Amino acid sequence: PYFDAAVHHSSRGNIIAVTNTDMTALTAKEPDVLFRHYSGTRSFRTSYHKEFGVRAVLAELARSAGKKQKGIKPLLALSSAHFILVIVEVDLNCGNADAAMQQVQHVLHCSICGERSFVPVGSISVAGASALQCKCSDESREKTNTELGPVWSGRLFDTEFISRMLQEGKSLNLSKTTQSLLETILQESKLVDQIGKYSERIKRPRPCSSSGAFYYNITFQNISGLCLPNTPDFLAELKRMGHLAVRTHFVSQSAFRTTASLNEFRQALETAGKRIPVAQRQLNTTKPVQHEDKLQ
């Protein structure tokens with residue numbers, strides 16, 4: 001009801017900032033609450049649950065705006081331990097409302113490896129597991145994919161808006177922590193700028209990585225005997241493979257936003273990790289982790 005009221009009293013160019021503290025629902029600790037409060041959005045605990053929660057809030061804002069023949073343009077989205085903040089600009093006319101609603105899509109998630117793809121609402125049964133870049137469905141007789149969402153599939157950030165925020169933050173002498181956070185978000189936004197426009201693919205299933213959506217978390221990659229490489233070496237390996245990659249603010253130190261598929265992400269992780277001396281590798285070898293869909 002708060003979203004409806006905020007959108008109803010907004011006109012073209014107005015900015016709406018929403019702070020949501022319902023973290024147990026938005027991070028899938030209480031998926032039934034998320035389902036009730038956010039128009040039937042389905043979720044469970046994944047390695048990218050923080051960004052999923054942000055996209056669930058944006059999808060609900062898009063629905064509220066659509067009821068009033070208005071669209072939204074996300075300017076900033078961030079998630080901390082205790083709250084989610086999204087800032088959007090409101091635009092008028094039915095065309096913008098329809099364009100925003102097309103960005104509300106399902107997420108097809110592989111319950112074996114964790115790969116994920118956006119699928120337009122109503123296309124899940126047609127696309128099936130073929131929408132995923134992994135081959136887990138070919139190697140298993142059981143169903144390997146889970147339908148999540150629908151959530152916002154478009155951009156989360158506006159580079160110009162965040163740049164101005166960062167400049168103002170420096171002039172106001174905000175804390176180094178806040179400035180560092182904005183700088184990290186700015187790099188994420190610039191990565192999506194480099195990917196370019198992908199609106200022509202919006203009506204077809206597409207890997208989340210093709211639009212820079214949903215980070216990959218290195219601590220969830222169950223690779224036996226892997227020693228985690230340092231960040232510069234890992235990013236250099238991804239770029240050597242021809243992919244864009246930056247650290248994400250959603251998970252400190254261990255998650256990256258990239259155009260690589262999950263399989264390519266793991267290949268880069270293994271290659272960069274093997275460059276570490278054997279003695280050091282034996283000391284820093286990661287322990288196997290649970291599959292992300294089984295985390296509570």
# chains A, B, ... in the order shown; residues from 1 in each chain; ligands from 1
$ select_by_dssp --residues "region 38-232 of chain A" --states "alpha helix (DSSP H)" --output "ChimeraX atom specification"
/A:49-67,94-102,124-127,159-171,176-195,231-232
$ closest_atom_pairs --of "region 143-213 of chain A" --to "region 241-247 of chain A" --cutoff "8 Å" --atoms "only C-alpha atoms" --output "CSV"
residue,atom,partner,partner_atom,distance
A:Thr184,CA,A:Arg247,CA,7.1
A:Gln187,CA,A:Val246,CA,6.8
A:Glu188,CA,A:Val246,CA,6.4
A:Leu191,CA,A:Leu244,CA,6.8
$ closest_atom_pairs --of "region 131-227 of chain A" --to "region 101-122 of chain A" --cutoff "6 Å" --atoms "only C-alpha atoms" --output "Markdown table"
| residue | atom | partner | partner_atom | distance |
| --- | --- | --- | --- | --- |
| A:Leu132 | CA | A:Ser117 | CA | 5.8 |
| A:Thr144 | CA | A:Ser111 | CA | 5.5 |
| A:Asn145 | CA | A:Cys110 | CA | 4.4 |
| A:Thr146 | CA | A:His109 | CA | 5.1 |
| A:Glu147 | CA | A:Leu108 | CA | 4.9 |
| A:Leu148 | CA | A:Val107 | CA | 5.0 |
| A:Gly149 | CA | A:His106 | CA | 4.9 |
| A:Pro150 | CA | A:His106 | CA | 4.1 |
| A:Val151 | CA | A:Val104 | CA | 5.2 |
| A:Trp152 | CA | A:Val104 | CA | 4.5 |
| A:Ser153 | CA | A:Gln103 | CA | 5.1 |
| A:Gly154 | CA | A:Gln103 | CA | 5.6 |
| A:Pro205 | CA | A:Val119 | CA | 4.4 |
| A:Arg206 | CA | A:Phe118 | CA | 5.5 |
| A:Pro207 | CA | A:Ser117 | CA | 4.2 |
| A:Cys208 | CA | A:Ser117 | CA | 4.8 |
$ residues_around --residues "Asp98 (chain A)" --least-positions-apart "3" --cutoff "9 Å" --atoms "only C-alpha atoms" --output "list in words"
Gly66, Gln69, Lys70, Gly71, Asn93, Cys94, Gly95, Met101, Gln102 and Gln103 of chain A
$ write_last_selection --atoms "N, CA and C atoms" --output "CSV table (one decimal), in the first residue's frame"
chain,number,residue,atom,x,y,z
A,66,GLY,N,2.8,0.8,-12.7
A,66,GLY,CA,2.0,0.4,-13.9
A,66,GLY,C,0.5,0.6,-13.7
A,69,GLN,N,-0.3,3.9,-14.8
A,69,GLN,CA,0.2,4.3,-16.1
A,69,GLN,C,1.5,5.0,-16.0
A,70,LYS,N,2.4,4.6,-15.2
A,70,LYS,CA,3.7,5.2,-15.0
A,70,LYS,C,4.8,4.1,-15.0
A,71,GLY,N,6.0,4.6,-15.4
A,71,GLY,CA,7.1,3.7,-15.4
A,71,GLY,C,8.1,4.1,-14.4
A,93,ASN,N,3.2,8.0,-18.8
A,93,ASN,CA,2.6,7.5,-20.0
A,93,ASN,C,2.7,5.9,-20.1
A,94,CYS,N,1.7,5.4,-20.8
A,94,CYS,CA,1.6,3.9,-20.8
A,94,CYS,C,2.8,3.2,-21.4
A,95,GLY,N,3.4,3.8,-22.4
A,95,GLY,CA,4.6,3.2,-23.0
A,95,GLY,C,5.7,2.9,-22.0
A,101,MET,N,7.2,-2.9,-17.1
A,101,MET,CA,6.6,-4.2,-16.7
A,101,MET,C,7.2,-5.4,-17.5
A,102,GLN,N,7.8,-5.1,-18.7
A,102,GLN,CA,8.5,-6.1,-19.4
A,102,GLN,C,9.8,-6.5,-18.8
A,103,GLN,N,10.3,-5.6,-17.9
A,103,GLN,CA,11.5,-5.9,-17.2
A,103,GLN,C,11.3,-6.8,-16.0
$ closest_residue --among "A:Lys176, A:Lys29, A:Lys274, A:Arg240" --to "His49 (chain A)" --atoms "only C-alpha atoms"
A:Lys29
$ select_by_dssp --residues "region 64-246 of chain A" --states "strand (DSSP E or B)" --output "compact mmCIF listing (two decimals) with all heavy atoms, in the first residue's frame"
# COMPACT_ATOMS: atom_id res chain seq x y z
N LYS A 70 2.37 4.59 -15.15
CA LYS A 70 3.67 5.21 -14.96
C LYS A 70 4.76 4.14 -15.02
O LYS A 70 4.50 2.97 -14.74
CB LYS A 70 3.75 5.95 -13.62
CG LYS A 70 2.71 7.06 -13.46
CD LYS A 70 2.76 7.67 -12.07
CE LYS A 70 1.68 8.74 -11.91
NZ LYS A 70 1.68 9.34 -10.55
N GLY A 71 5.97 4.57 -15.37
CA GLY A 71 7.11 3.67 -15.38
C GLY A 71 8.13 4.11 -14.36
O GLY A 71 8.04 5.20 -13.80
N ILE A 72 9.12 3.27 -14.12
CA ILE A 72 10.20 3.62 -13.19
C ILE A 72 11.55 3.42 -13.86
O ILE A 72 11.71 2.58 -14.75
CB ILE A 72 10.13 2.79 -11.89
CG1 ILE A 72 10.33 1.29 -12.20
CG2 ILE A 72 8.85 3.05 -11.14
CD1 ILE A 72 10.60 0.45 -10.95
N LYS A 73 12.52 4.21 -13.40
CA LYS A 73 13.90 4.08 -13.84
C LYS A 73 14.78 4.02 -12.60
O LYS A 73 14.93 5.02 -11.89
CB LYS A 73 14.30 5.28 -14.70
CG LYS A 73 15.77 5.28 -15.10
CD LYS A 73 16.15 6.58 -15.80
CE LYS A 73 17.65 6.63 -16.10
NZ LYS A 73 18.03 7.92 -16.73
N PRO A 74 15.35 2.86 -12.27
CA PRO A 74 16.21 2.76 -11.09
C PRO A 74 17.44 3.65 -11.20
O PRO A 74 18.09 3.70 -12.25
CB PRO A 74 16.61 1.28 -11.06
CG PRO A 74 15.52 0.59 -11.82
CD PRO A 74 15.12 1.55 -12.90
N LEU A 75 17.75 4.37 -10.13
CA LEU A 75 18.92 5.22 -10.08
C LEU A 75 20.00 4.65 -9.17
O LEU A 75 21.18 4.79 -9.43
CB LEU A 75 18.52 6.62 -9.57
CG LEU A 75 17.47 7.36 -10.39
CD1 LEU A 75 17.11 8.68 -9.72
CD2 LEU A 75 17.94 7.60 -11.82
N LEU A 76 19.55 4.00 -8.09
CA LEU A 76 20.49 3.43 -7.13
C LEU A 76 19.82 2.28 -6.39
O LEU A 76 18.63 2.36 -6.07
CB LEU A 76 20.95 4.49 -6.12
CG LEU A 76 21.81 4.00 -4.94
CD1 LEU A 76 23.18 3.57 -5.43
CD2 LEU A 76 21.94 5.07 -3.86
N ALA A 77 20.56 1.23 -6.13
CA ALA A 77 20.06 0.11 -5.33
C ALA A 77 21.22 -0.44 -4.52
O ALA A 77 22.30 -0.68 -5.05
CB ALA A 77 19.49 -0.99 -6.23
N LEU A 78 20.99 -0.61 -3.24
CA LEU A 78 22.04 -1.18 -2.41
C LEU A 78 21.41 -2.02 -1.30
O LEU A 78 20.26 -1.83 -0.91
CB LEU A 78 22.95 -0.10 -1.83
CG LEU A 78 22.41 0.89 -0.79
CD1 LEU A 78 22.52 0.32 0.62
CD2 LEU A 78 23.17 2.20 -0.87
N SER A 79 22.20 -2.94 -0.81
CA SER A 79 21.75 -3.84 0.25
C SER A 79 22.82 -3.89 1.33
O SER A 79 24.01 -4.06 1.03
CB SER A 79 21.51 -5.24 -0.32
OG SER A 79 21.22 -6.16 0.71
N ILE A 84 17.48 -2.60 2.81
CA ILE A 84 17.64 -2.44 1.36
C ILE A 84 17.17 -1.04 1.00
O ILE A 84 16.14 -0.58 1.48
CB ILE A 84 16.82 -3.49 0.60
CG1 ILE A 84 17.57 -4.84 0.58
CG2 ILE A 84 16.53 -3.05 -0.83
CD1 ILE A 84 16.77 -5.96 -0.03
N LEU A 85 17.93 -0.35 0.17
CA LEU A 85 17.58 0.99 -0.29
C LEU A 85 17.51 0.99 -1.82
O LEU A 85 18.46 0.55 -2.48
CB LEU A 85 18.61 2.01 0.17
CG LEU A 85 18.51 3.41 -0.44
CD1 LEU A 85 17.22 4.11 -0.01
CD2 LEU A 85 19.72 4.27 -0.07
N VAL A 86 16.41 1.45 -2.36
CA VAL A 86 16.29 1.65 -3.81
C VAL A 86 15.80 3.07 -4.06
O VAL A 86 14.95 3.58 -3.33
CB VAL A 86 15.35 0.62 -4.48
CG1 VAL A 86 15.88 -0.78 -4.32
CG2 VAL A 86 13.94 0.72 -3.94
N ILE A 87 16.36 3.69 -5.08
CA ILE A 87 15.95 5.03 -5.49
C ILE A 87 15.58 4.96 -6.96
O ILE A 87 16.37 4.48 -7.79
CB ILE A 87 17.08 6.06 -5.28
CG1 ILE A 87 17.50 6.09 -3.80
CG2 ILE A 87 16.64 7.44 -5.73
CD1 ILE A 87 18.68 7.01 -3.52
N VAL A 88 14.38 5.41 -7.30
CA VAL A 88 13.90 5.34 -8.69
C VAL A 88 13.37 6.69 -9.12
O VAL A 88 12.93 7.50 -8.29
CB VAL A 88 12.80 4.26 -8.87
CG1 VAL A 88 13.29 2.90 -8.46
CG2 VAL A 88 11.54 4.64 -8.09
N GLU A 89 13.40 6.92 -10.41
CA GLU A 89 12.79 8.11 -11.01
C GLU A 89 11.50 7.68 -11.69
O GLU A 89 11.46 6.65 -12.37
CB GLU A 89 13.74 8.74 -12.02
CG GLU A 89 13.17 9.99 -12.69
CD GLU A 89 14.13 10.60 -13.70
OE1 GLU A 89 15.32 10.19 -13.71
OE2 GLU A 89 13.69 11.46 -14.48
N VAL A 90 10.45 8.45 -11.49
CA VAL A 90 9.13 8.12 -12.04
C VAL A 90 8.97 8.77 -13.41
O VAL A 90 9.35 9.93 -13.61
CB VAL A 90 8.01 8.60 -11.10
CG1 VAL A 90 6.63 8.31 -11.70
CG2 VAL A 90 8.14 7.92 -9.74
N ASP A 91 8.43 8.02 -14.35
CA ASP A 91 8.14 8.55 -15.68
C ASP A 91 6.68 8.26 -16.01
O ASP A 91 6.10 7.29 -15.52
CB ASP A 91 9.04 7.92 -16.73
CG ASP A 91 9.26 8.84 -17.93
OD1 ASP A 91 8.53 9.83 -18.06
OD2 ASP A 91 10.17 8.56 -18.73
N LEU A 92 6.10 9.13 -16.84
CA LEU A 92 4.68 8.99 -17.16
C LEU A 92 4.48 8.32 -18.51
O LEU A 92 5.41 8.07 -19.24
CB LEU A 92 4.01 10.37 -17.15
CG LEU A 92 4.13 11.19 -15.86
CD1 LEU A 92 3.36 12.51 -16.01
CD2 LEU A 92 3.59 10.41 -14.67
N VAL A 104 10.00 -7.07 -15.64
CA VAL A 104 9.67 -7.97 -14.52
C VAL A 104 9.59 -9.39 -15.08
O VAL A 104 8.66 -9.73 -15.81
CB VAL A 104 8.35 -7.56 -13.85
CG1 VAL A 104 8.00 -8.51 -12.72
CG2 VAL A 104 8.45 -6.13 -13.33
N GLN A 105 10.58 -10.21 -14.74
CA GLN A 105 10.69 -11.53 -15.34
C GLN A 105 11.02 -12.58 -14.29
O GLN A 105 11.42 -12.28 -13.17
CB GLN A 105 11.79 -11.52 -16.42
CG GLN A 105 11.52 -10.53 -17.53
CD GLN A 105 12.45 -10.74 -18.72
OE1 GLN A 105 13.27 -11.65 -18.74
NE2 GLN A 105 12.32 -9.88 -19.72
N HIS A 106 10.83 -13.84 -14.69
CA HIS A 106 11.18 -14.96 -13.83
C HIS A 106 12.70 -15.21 -13.89
O HIS A 106 13.37 -14.81 -14.85
CB HIS A 106 10.45 -16.23 -14.26
CG HIS A 106 8.99 -16.22 -13.93
ND1 HIS A 106 8.50 -16.33 -12.65
CD2 HIS A 106 7.90 -16.10 -14.74
CE1 HIS A 106 7.19 -16.29 -12.67
NE2 HIS A 106 6.79 -16.16 -13.91
N VAL A 107 13.21 -15.87 -12.87
CA VAL A 107 14.59 -16.33 -12.86
C VAL A 107 14.56 -17.85 -12.86
O VAL A 107 13.94 -18.47 -11.98
CB VAL A 107 15.35 -15.83 -11.62
CG1 VAL A 107 16.76 -16.42 -11.59
CG2 VAL A 107 15.41 -14.32 -11.59
N LEU A 108 15.19 -18.46 -13.86
CA LEU A 108 15.30 -19.92 -13.90
C LEU A 108 16.64 -20.28 -13.27
O LEU A 108 17.70 -19.87 -13.75
CB LEU A 108 15.23 -20.42 -15.34
CG LEU A 108 14.97 -21.93 -15.51
CD1 LEU A 108 13.60 -22.29 -14.95
CD2 LEU A 108 15.04 -22.33 -16.98
N HIS A 109 16.59 -21.02 -12.18
CA HIS A 109 17.78 -21.31 -11.36
C HIS A 109 18.09 -22.81 -11.41
O HIS A 109 17.21 -23.63 -11.20
CB HIS A 109 17.51 -20.87 -9.92
CG HIS A 109 18.57 -21.26 -8.94
ND1 HIS A 109 19.61 -20.42 -8.60
CD2 HIS A 109 18.77 -22.40 -8.22
CE1 HIS A 109 20.38 -21.01 -7.71
NE2 HIS A 109 19.90 -22.22 -7.46
N CYS A 110 19.35 -23.14 -11.68
CA CYS A 110 19.78 -24.54 -11.67
C CYS A 110 20.11 -24.94 -10.23
O CYS A 110 20.98 -24.34 -9.60
CB CYS A 110 21.00 -24.75 -12.56
SG CYS A 110 21.62 -26.46 -12.52
N ARG A 116 21.91 -19.28 -13.58
CA ARG A 116 20.58 -18.66 -13.60
C ARG A 116 20.39 -17.84 -14.88
O ARG A 116 21.36 -17.33 -15.45
CB ARG A 116 20.37 -17.80 -12.36
CG ARG A 116 21.15 -16.51 -12.21
CD ARG A 116 22.66 -16.58 -11.95
NE ARG A 116 23.13 -17.46 -10.91
CZ ARG A 116 23.97 -17.09 -9.95
NH1 ARG A 116 24.40 -15.84 -9.88
NH2 ARG A 116 24.42 -17.96 -9.09
N SER A 117 19.13 -17.77 -15.32
CA SER A 117 18.77 -17.01 -16.51
C SER A 117 17.45 -16.30 -16.29
O SER A 117 16.59 -16.78 -15.54
CB SER A 117 18.63 -17.93 -17.74
OG SER A 117 19.88 -18.45 -18.15
N PHE A 118 17.27 -15.16 -16.94
CA PHE A 118 15.98 -14.46 -16.93
C PHE A 118 15.09 -15.07 -18.01
O PHE A 118 15.54 -15.35 -19.12
CB PHE A 118 16.16 -12.98 -17.23
CG PHE A 118 16.69 -12.19 -16.06
CD1 PHE A 118 17.82 -11.41 -16.20
CD2 PHE A 118 16.03 -12.20 -14.84
CE1 PHE A 118 18.30 -10.67 -15.13
CE2 PHE A 118 16.51 -11.47 -13.76
CZ PHE A 118 17.65 -10.69 -13.91
N VAL A 119 13.83 -15.26 -17.67
CA VAL A 119 12.86 -15.78 -18.63
C VAL A 119 11.60 -14.93 -18.52
O VAL A 119 11.08 -14.73 -17.42
CB VAL A 119 12.50 -17.26 -18.34
CG1 VAL A 119 11.48 -17.76 -19.35
CG2 VAL A 119 13.76 -18.13 -18.37
N PRO A 120 11.09 -14.38 -19.64
CA PRO A 120 9.87 -13.58 -19.59
C PRO A 120 8.71 -14.33 -18.97
O PRO A 120 8.61 -15.56 -19.10
CB PRO A 120 9.59 -13.26 -21.06
CG PRO A 120 10.95 -13.34 -21.71
CD PRO A 120 11.67 -14.43 -20.99
N ASN A 145 15.99 -27.58 -12.58
CA ASN A 145 15.80 -26.13 -12.55
C ASN A 145 14.60 -25.75 -11.70
O ASN A 145 13.62 -26.49 -11.59
CB ASN A 145 15.65 -25.57 -13.97
CG ASN A 145 14.56 -26.27 -14.76
OD1 ASN A 145 13.38 -25.98 -14.60
ND2 ASN A 145 14.93 -27.21 -15.63
N THR A 146 14.68 -24.58 -11.08
CA THR A 146 13.63 -24.05 -10.23
C THR A 146 13.24 -22.66 -10.71
O THR A 146 14.10 -21.85 -11.04
CB THR A 146 14.12 -23.96 -8.77
OG1 THR A 146 14.56 -25.25 -8.34
CG2 THR A 146 13.01 -23.47 -7.86
N GLU A 147 11.94 -22.41 -10.73
CA GLU A 147 11.43 -21.11 -11.16
C GLU A 147 11.32 -20.17 -9.96
O GLU A 147 10.62 -20.46 -8.99
CB GLU A 147 10.06 -21.30 -11.82
CG GLU A 147 9.40 -20.01 -12.26
CD GLU A 147 7.99 -20.24 -12.79
OE1 GLU A 147 7.67 -21.40 -13.13
OE2 GLU A 147 7.22 -19.28 -12.85
N LEU A 148 12.01 -19.04 -10.02
CA LEU A 148 11.97 -18.04 -8.97
C LEU A 148 11.37 -16.74 -9.52
O LEU A 148 11.31 -16.52 -10.71
CB LEU A 148 13.38 -17.77 -8.43
CG LEU A 148 14.19 -18.98 -7.96
CD1 LEU A 148 15.58 -18.54 -7.52
CD2 LEU A 148 13.47 -19.69 -6.83
N GLY A 149 10.98 -15.85 -8.60
CA GLY A 149 10.46 -14.55 -9.03
C GLY A 149 8.96 -14.56 -9.23
O GLY A 149 8.25 -15.40 -8.63
N PRO A 150 8.48 -13.63 -10.04
CA PRO A 150 9.25 -12.72 -10.92
C PRO A 150 9.86 -11.54 -10.17
O PRO A 150 9.33 -11.09 -9.16
CB PRO A 150 8.21 -12.25 -11.94
CG PRO A 150 6.90 -12.34 -11.21
CD PRO A 150 7.03 -13.52 -10.28
N VAL A 151 10.98 -11.06 -10.72
CA VAL A 151 11.68 -9.92 -10.15
C VAL A 151 12.10 -8.97 -11.27
O VAL A 151 11.96 -9.29 -12.45
CB VAL A 151 12.93 -10.36 -9.35
CG1 VAL A 151 12.54 -11.20 -8.16
CG2 VAL A 151 13.91 -11.11 -10.24
N TRP A 152 12.64 -7.82 -10.89
CA TRP A 152 13.11 -6.84 -11.86
C TRP A 152 14.37 -7.39 -12.55
O TRP A 152 15.31 -7.84 -11.90
CB TRP A 152 13.45 -5.54 -11.14
CG TRP A 152 13.98 -4.43 -12.01
CD1 TRP A 152 15.29 -4.09 -12.17
CD2 TRP A 152 13.22 -3.53 -12.82
NE1 TRP A 152 15.40 -3.02 -13.02
CE2 TRP A 152 14.15 -2.66 -13.45
CE3 TRP A 152 11.86 -3.38 -13.08
CZ2 TRP A 152 13.74 -1.64 -14.30
CZ3 TRP A 152 11.46 -2.36 -13.94
CH2 TRP A 152 12.38 -1.51 -14.54
N ARG A 206 17.33 -15.11 -21.53
CA ARG A 206 18.71 -14.67 -21.67
C ARG A 206 19.47 -14.94 -20.38
O ARG A 206 18.91 -14.81 -19.29
CB ARG A 206 18.79 -13.19 -22.02
CG ARG A 206 18.32 -12.25 -20.91
CD ARG A 206 18.28 -10.81 -21.40
NE ARG A 206 18.13 -9.86 -20.32
CZ ARG A 206 17.00 -9.57 -19.72
NH1 ARG A 206 15.90 -10.18 -20.08
NH2 ARG A 206 16.95 -8.67 -18.75
N PRO A 207 20.74 -15.32 -20.47
CA PRO A 207 21.54 -15.52 -19.25
C PRO A 207 21.61 -14.23 -18.46
O PRO A 207 21.75 -13.15 -19.03
CB PRO A 207 22.92 -15.92 -19.80
CG PRO A 207 22.65 -16.41 -21.19
CD PRO A 207 21.50 -15.62 -21.69
N TYR A 216 28.36 -13.47 -8.91
CA TYR A 216 28.79 -14.82 -8.54
C TYR A 216 29.66 -14.71 -7.29
O TYR A 216 30.52 -13.84 -7.19
CB TYR A 216 29.59 -15.47 -9.67
CG TYR A 216 28.77 -15.81 -10.89
CD1 TYR A 216 29.16 -15.36 -12.15
CD2 TYR A 216 27.62 -16.58 -10.80
CE1 TYR A 216 28.42 -15.66 -13.28
CE2 TYR A 216 26.89 -16.89 -11.92
CZ TYR A 216 27.27 -16.43 -13.15
OH TYR A 216 26.54 -16.74 -14.27
N ASN A 217 29.45 -15.63 -6.36
CA ASN A 217 30.17 -15.63 -5.10
C ASN A 217 31.20 -16.76 -5.10
O ASN A 217 30.84 -17.93 -5.25
CB ASN A 217 29.18 -15.81 -3.94
CG ASN A 217 29.80 -15.51 -2.59
OD1 ASN A 217 31.00 -15.66 -2.40
ND2 ASN A 217 28.97 -15.07 -1.65
N CYS A 227 42.56 -23.36 -4.04
CA CYS A 227 43.07 -22.29 -3.18
C CYS A 227 42.62 -20.98 -3.80
O CYS A 227 42.88 -20.71 -4.97
CB CYS A 227 44.58 -22.35 -3.11
SG CYS A 227 45.26 -21.11 -2.01
N ALA A 245 34.50 -7.65 -15.54
CA ALA A 245 34.30 -8.10 -14.17
C ALA A 245 34.71 -7.01 -13.19
O ALA A 245 35.74 -6.36 -13.38
CB ALA A 245 35.11 -9.37 -13.90
N VAL A 246 33.91 -6.83 -12.15
CA VAL A 246 34.23 -5.90 -11.06
C VAL A 246 33.70 -6.51 -9.76
O VAL A 246 32.84 -7.39 -9.76
CB VAL A 246 33.58 -4.51 -11.26
CG1 VAL A 246 34.15 -3.81 -12.48
CG2 VAL A 246 32.07 -4.61 -11.35
$ atom_distance --atom1 "CA of Arg63 (chain A)" --atom2 "CA of Leu26 (chain A)"
17.0 Å
$ residues_around --residues "Ser39 (chain A)" --least-positions-apart "2" --cutoff "10 Å" --atoms "only C-alpha atoms" --output "list in words"
Leu34, Phe35, Arg36, His37, Thr41, Arg42, Ala56, Ala59, Glu60, Arg63, Gly149 and Pro150 of chain A
$ write_last_selection --atoms "C-alpha atoms" --output "tab-separated table (two decimals), in the first residue's frame"
chain	number	residue	atom	x	y	z
A	34	LEU	CA	8.04	-12.77	0.51
A	35	PHE	CA	5.36	-14.67	-1.43
A	36	ARG	CA	2.54	-12.98	0.51
A	37	HIS	CA	3.91	-9.45	0.56
A	41	THR	CA	7.29	-13.77	-5.69
A	42	ARG	CA	8.92	-17.16	-5.14
A	56	ALA	CA	11.94	-8.07	-5.77
A	59	ALA	CA	9.48	-5.37	-9.35
A	60	GLU	CA	6.84	-4.41	-6.78
A	63	ARG	CA	3.74	-3.04	-10.59
A	149	GLY	CA	10.46	-14.55	-9.03
A	150	PRO	CA	9.25	-12.72	-10.92
$ closest_residue --among "A:His249, A:Thr219, A:Met165, A:Cys134" --to "Glu264 (chain A)" --atoms "only C-alpha atoms"
A:Cys134
$ closest_residue --among "A:Ser163, A:Thr271, A:Ser189, A:Gln221" --to "Arg257 (chain A)" --atoms "only C-alpha atoms"
A:Ser189
$ residues_around --residues "Asn230 (chain A)" --least-positions-apart "3" --cutoff "9 Å" --atoms "only C-alpha atoms" --output "PyMOL selection string"
chain A and resi 233-235+272-273
$ write_last_selection --atoms "all heavy atoms" --output "CSV table (one decimal), in the first residue's frame"
chain,number,residue,atom,x,y,z
A,233,ASP,N,44.6,-11.0,-9.5
A,233,ASP,CA,44.9,-12.1,-10.4
A,233,ASP,C,43.6,-12.7,-10.9
A,233,ASP,O,43.6,-13.1,-12.1
A,233,ASP,CB,45.7,-13.2,-9.6
A,233,ASP,CG,47.1,-12.8,-9.3
A,233,ASP,OD1,47.5,-11.8,-9.9
A,233,ASP,OD2,47.8,-13.5,-8.5
A,234,PHE,N,42.6,-12.9,-10.1
A,234,PHE,CA,41.3,-13.4,-10.6
A,234,PHE,C,40.7,-12.5,-11.6
A,234,PHE,O,40.2,-13.0,-12.6
A,234,PHE,CB,40.4,-13.7,-9.4
A,234,PHE,CG,39.1,-14.2,-9.7
A,234,PHE,CD1,38.9,-15.4,-10.5
A,234,PHE,CD2,37.9,-13.6,-9.3
A,234,PHE,CE1,37.7,-15.9,-10.8
A,234,PHE,CE2,36.7,-14.1,-9.6
A,234,PHE,CZ,36.6,-15.3,-10.4
A,235,LEU,N,40.6,-11.2,-11.3
A,235,LEU,CA,40.0,-10.3,-12.3
A,235,LEU,C,40.8,-10.3,-13.6
A,235,LEU,O,40.2,-10.2,-14.7
A,235,LEU,CB,39.9,-8.9,-11.6
A,235,LEU,CG,38.9,-8.7,-10.5
A,235,LEU,CD1,39.0,-7.3,-9.9
A,235,LEU,CD2,37.5,-9.0,-11.0
A,272,ALA,N,43.4,-19.2,-12.0
A,272,ALA,CA,44.1,-18.2,-11.2
A,272,ALA,C,44.5,-18.9,-9.9
A,272,ALA,O,45.6,-18.5,-9.4
A,272,ALA,CB,43.2,-17.0,-10.9
A,273,GLY,N,43.7,-19.8,-9.4
A,273,GLY,CA,44.1,-20.5,-8.1
A,273,GLY,C,45.3,-21.4,-8.3
A,273,GLY,O,46.1,-21.5,-7.4
$ atom_distance --atom1 "CA of Thr258 (chain A)" --atom2 "CA of Phe161 (chain A)"
21.7 Å
$ atom_distance --atom1 "CA of Ser254 (chain A)" --atom2 "CA of Pro232 (chain A)"
12.4 Å
$ closest_residue --among "A:Leu172, A:Arg155, A:Glu237, A:Arg12" --to "Asn96 (chain A)" --atoms "only C-alpha atoms"
A:Arg12
$ residues_around --residues "Lys67 (chain A)" --least-positions-apart "4" --cutoff "9 Å" --atoms "only C-alpha atoms" --output "list in words"
Asp4, Ala62, Arg63 and Ala97 of chain A
$ write_last_selection --atoms "N, CA and C atoms" --output "PDB file, in the first residue's frame"
ATOM      1  N   ASP A   4       1.954   2.041  -3.616  1.00  0.00           N
ATOM      2  CA  ASP A   4       0.858   2.610  -4.404  1.00  0.00           C
ATOM      3  C   ASP A   4       0.673   4.084  -4.095  1.00  0.00           C
ATOM      4  N   ALA A  62       7.528  -1.389  -9.792  1.00  0.00           N
ATOM      5  CA  ALA A  62       7.107  -1.334 -11.194  1.00  0.00           C
ATOM      6  C   ALA A  62       5.632  -1.692 -11.331  1.00  0.00           C
ATOM      7  N   ARG A  63       5.165  -2.669 -10.555  1.00  0.00           N
ATOM      8  CA  ARG A  63       3.745  -3.039 -10.586  1.00  0.00           C
ATOM      9  C   ARG A  63       2.875  -1.892 -10.089  1.00  0.00           C
ATOM     10  N   ALA A  97       5.236   2.631 -18.827  1.00  0.00           N
ATOM     11  CA  ALA A  97       4.711   1.640 -17.879  1.00  0.00           C
ATOM     12  C   ALA A  97       4.855   0.232 -18.455  1.00  0.00           C
TER      13      ALA A  97
END
$ decode --residues "region 244-258 of chain A" --atoms "C-alpha atoms" --output "compact mmCIF listing (two decimals), in the first residue's frame"
# COMPACT_ATOMS: atom_id res chain seq x y z
CA LEU A 244 34.12 -7.72 -17.94
CA ALA A 245 34.30 -8.10 -14.17
CA VAL A 246 34.23 -5.90 -11.06
CA ARG A 247 33.72 -6.45 -7.36
CA THR A 248 30.13 -6.01 -6.14
CA HIS A 249 29.04 -4.16 -3.01
CA PHE A 250 26.45 -6.83 -2.17
CA VAL A 251 29.00 -9.26 -0.69
CA SER A 252 32.26 -7.81 0.60
CA GLN A 253 35.48 -9.35 -0.73
CA SER A 254 34.07 -12.56 -2.21
CA ALA A 255 31.55 -11.73 -4.97
CA PHE A 256 31.92 -10.30 -8.46
CA ARG A 257 29.64 -8.92 -11.16
CA THR A 258 30.74 -10.22 -14.54
